[in-house]
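Undergrad: Shown below is the structure under consideration.
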There are 2 protein chains.
Amino acid sequence: MISETYRAMLSGKSVIRELSERATALKAEIGEENVFDYSLGNPSVPVPQAFNDAIVRLLATRSSIEVHGYSPSLGIPSVRRAVADSLNARFSMHYAPDDIFMTSGAAGALAHAFRLVTGPGDEVLTFAPFFPEYHPYVDLTGATLRVVPASTRDFQINFDAFEAMLGPKVQAVLINTPNNPSGAVYSAQTLTRLSELLARKEREYGHKIWLISDEPYREIVFGGQSAPYVSRFYPRTISCYSFSKSLSLPGERIGYLAVNPESGVSAMLATMCGQISRGIGHNCPSSLMQLAVAEVIGMTADLSVYETNMNLLADELLSLGFELVRPGGTFYMFPKCPEPSAVDFSRKALRYGLVLVPSDTFGVPGYFRIAYCTGTEKVERSLEAFRRLVRAEYGGCL
Amino acid sequence: MISETYRAMLSGKSVIRELSERATALKAEIGEENVFDYSLGNPSVPVPQAFNDAIVRLLATRSSIEVHGYSPSLGIPSVRRAVADSLNARFSMHYAPDDIFMTSGAAGALAHAFRLVTGPGDEVLTFAPFFPEYHPYVDLTGATLRVVPASTRDFQINFDAFEAMLGPKVQAVLINTPNNPSGAVYSAQTLTRLSELLARKEREYGHKIWLISDEPYREIVFGGQSAPYVSRFYPRTISCYSFSKSLSLPGERIGYLAVNPESGVSAMLATMCGQISRGIGHNCPSSLMQLAVAEVIGMTADLSVYETNMNLLADELLSLGFELVRPGGTFYMFPKCPEPSAVDFSRKALRYGLVLVPSDTFGVPGYFRIAYCTGTEKVERSLEAFRRLVRAEYGGCL
């Protein structure tokens, strides 16, 4: 019988898709150059040439079986070692290669992480604003995602609301820093407080609580800063990483899961991932992609355009009177709408060629997301569209 | 809490792994050249040069976003079209691109197929001998895999046993032709009878029964023959394909799922796959791999070595008195052991440097699998080892 679960999902209306369709129609109408599409988080900068060079070199110098043959299900040993070495050097960690499991991007890592430490009936907590895909990611495992209300003042953690929701059914807490959609980077203080609260609740409930850290934006941090490495703050951390954004290759589906060895069960959990894979059709990520990312480990695409774009947009929006927590990283920002309905605001913005995603699906009403992974020239031209929007729809000031 | 389901799986003893460890020890002892490792189904021939050339050309001529950017979740449209066109031309089918869903190999295709048409509590039937991974593939979805006993005379279908097991809880039947481990290719007669039985039971039970066809060995068929295309025989067929064996790139995890349009719901099922992906951490297969296989669609690696090896081994084993159904395809054969216990036979064979997988995990006792995806020179040298084994352990004739 055809699955009712998945058939029912087909009728789910996607605000982003509806917006995308309107934007496409608008492009046909007023010309693509006049539409400022800030809707999609698709990296705009090219992959480092060294990555493509590594692929060509691997194809030319290694045997077909080495490059295209089966990878062990946990990942190619030399690649797992390269990942562990890189994390240890950068973040003063002590990962062994056995603590690393190679995945098809962060989505693949998260699919394994949830199954490692939760089961049907368990609760997973995350914090608004959050990546809307977390709902199907978690809910389709049989566990339930519950969302802690946002701390809109700074998009750090609303600890009062968090503690109130952190009941005994919570087996895992899911965080995303640097954050999509707010661009906030959790501070060391936030992570320390989070860690202390989790440890206290573990003692209170008599069971472990795992921290699942989704960190595809880890390398996109502004002002010459680095994001505090989450796993340093809490031993039972499962880090889920993707090279999609740092190397600008989201289509290649390559990332990893890293279990903090201080948990005492890191190698066991990484090995269990190989069992989880058998049930979800994962086998290993592309062998060639594994080998190629290992060749450029620690390198990133030229990510500076995102900071340039952020500064242009943030300065303009703040001067127009928008309420905005200035992002610390990513290629997103999350300003407050000048009216209560984010959907109404997005529709108005579209009249000025601005494609902005309303915030409701991110778990916060009345905000909008700007994904500024686009060319700076286009960002500069969009500023006038924001000015026209505010002038015409909101009387020139907010 | 750490998942007990997956933790318990860690202690599962793998006969193949144990054998592999013994083989490794043996190689150290008597020299790698004297160990004939027939245990693993890892393609031994190189990828076609045209495939690597396509990758290099794509990297040189397309933009980074085209090659490495996000693929739509159902696959790159031009690639879905190339797959549909190729299947239509080769097998007189009428697939639209919308009936195709790009996957991470056949394992990824199967993970989606089971979730499309079965749910927890449903039964899936398959036929011995069968690929042992089918058990976790199905059982971890919550459905139950049940295995129809083999027709050891020809390794076609044991229809009496099949009909007896085809009760109302069966929502899908899983077949694998050409077959791992027997090398049998289901005949048109077998597929016609299968189709008729399924249609009759559909009427009897008042619900649809889906045929899930796992066909990674479709292109490895001997004697200048082709394997009958399963989906031509039954409208509710979901074909699960991998390029792993035909192009010799099992590490690249690229394949597809194709739903027969005569089912009337093919595009809907392909679209539902995009929803299933969200729950299992699939996003899309590597964009570069999708584009590259489309460039060489219809091409295969030089697969002729498998037939050469099959003939050498089959002639020798038959002349030694082994019972053997001569394979019609794949790179496997499945002879009967000359004693009741396949494990005992495999252990004896190891004394002569022969690494042969006992049949029990394939659902048939008393047989062994030879995976002859290796160099012909090595196959030739192994024949003497088979002769010595039979001479020394079984008195020279069987």
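To be explicit about the labels: the chains of the structure tokens are called A, B, and onward in the order shown, and within each one the residues are counted from 1, while ligands get numbers from 1 in the order they are shown.
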Neighbours of stretch 313-318 of chain B within 8 Å (only C-alpha atoms; same-chain residues fewer than 6 positions away dropped), as an mmCIF file with C-alpha atoms, in the first residue's frame?

TA:
data_model
loop_
_atom_site.group_PDB
_atom_site.id
_atom_site.type_symbol
_atom_site.label_atom_id
_atom_site.label_comp_id
_atom_site.auth_asym_id
_atom_site.auth_seq_id
_atom_site.Cartn_x
_atom_site.Cartn_y
_atom_site.Cartn_z
ATOM 1 C CA LEU B 324 26.271 -26.149 -10.094
ATOM 2 C CA ARG B 326 25.690 -22.380 -14.509
ATOM 3 C CA VAL B 379 41.249 -17.569 -11.509
ATOM 4 C CA LEU B 383 41.734 -24.131 -10.480
ATOM 5 C CA PHE B 386 40.093 -26.582 -6.262
#

Undergrad: Using only C-alpha atoms, select each residue of chain A with any atom at most 6 Å away from an atom of chain B, and give the selection as JSON, numbers by chain.

TA: {"A": [1, 2, 3, 6, 46, 64, 68, 69, 70, 71, 107, 108, 111, 116, 117, 136, 137, 140, 249, 250, 251, 252, 253, 272, 278, 279, 280, 281, 286, 287]}

Undergrad: Going by DSSP on the backbone, which residues of stretch 319-366 of chain A come out as helix (DSSP H, G or I)? List them as a PyMOL selection string.

TA: chain A and resi 319+342-350+360-362

Undergrad: Find the nearest atom pair between each residue of stretch 363-398 of chain B and stretch 181-200 of chain B for residues within 12 Å, count only C-alpha atoms, give distances in Å to one decimal, sort rows by chain and ascending number, and present the table as JSON lines.

TA:
{"residue": "B:Gly363", "atom": "CA", "partner": "B:Pro181", "partner_atom": "CA", "distance": 10.4}
{"residue": "B:Val364", "atom": "CA", "partner": "B:Pro181", "partner_atom": "CA", "distance": 10.5}
{"residue": "B:Tyr367", "atom": "CA", "partner": "B:Ser182", "partner_atom": "CA", "distance": 9.9}
{"residue": "B:Phe368", "atom": "CA", "partner": "B:Pro181", "partner_atom": "CA", "distance": 8.8}
{"residue": "B:Arg369", "atom": "CA", "partner": "B:Pro181", "partner_atom": "CA", "distance": 6.2}
{"residue": "B:Ile370", "atom": "CA", "partner": "B:Pro181", "partner_atom": "CA", "distance": 8.1}
{"residue": "B:Ala371", "atom": "CA", "partner": "B:Pro181", "partner_atom": "CA", "distance": 8.2}
{"residue": "B:Tyr372", "atom": "CA", "partner": "B:Gly183", "partner_atom": "CA", "distance": 11.0}

Undergrad: Go ahead and write the residues just picked, C-alpha atoms, as a compact mmCIF listing (two decimals), in the first residue's frame.

TA:
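Written out: result-v9.txt:
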# COMPACT_ATOMS: atom_id res chain seq x y z
CA GLY B 363 19.15 -18.37 3.03
CA VAL B 364 20.21 -21.76 1.62
CA TYR B 367 26.13 -24.12 -0.83
CA PHE B 368 28.95 -21.62 -1.26
CA ARG B 369 29.38 -18.37 -3.16
CA ILE B 370 32.28 -17.61 -5.45
CA ALA B 371 32.65 -13.89 -6.28
CA TYR B 372 34.87 -14.09 -9.36

Undergrad: As a ChimeraX atom specification, which residues of stretch 190-251 of chain B does DSSP assign to strand (DSSP E or B)?

TA: /B:210-214,221,237-242

Undergrad: May I ask for the distance between atom CA of B:Ile212 and atom CA of B:Ile175, given in Å to one decimal place?

TA: 6.4 Å

Undergrad: Atom CA of A:Gly353 and atom CA of A:Glu384 are how many Å apart?

TA: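 The value is 10.5 Å.
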
Undergrad: Which is closer to A:Leu74 than all the others in A:Glu32, A:Ala270, A:Arg391, A:Thr300, using only C-alpha atoms?

TA: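 The shortest atom-to-atom distance to A:Leu74 comes from A:Ala270.
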
Undergrad: Excluding stretch 160-169 of chain B and residues on its chain fewer than 2 positions from it, collect all residues at most 10 Å away from it, counting only C-alpha atoms, and give them as a VMD selection string.

TA: chain B and resid 118 121 to 127 144 146 to 151 157 to 158 171 to 173 194 197 to 198 201 to 202 204 to 207 209

Undergrad: My list of candidates is B:Met102, B:Leu145, B:Leu389, B:Ile76. Which is closest to B:Pro132 when distances are computed with only C-alpha atoms?

TA: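 Looking at the shortest contact to B:Pro132, the residue is B:Leu145.
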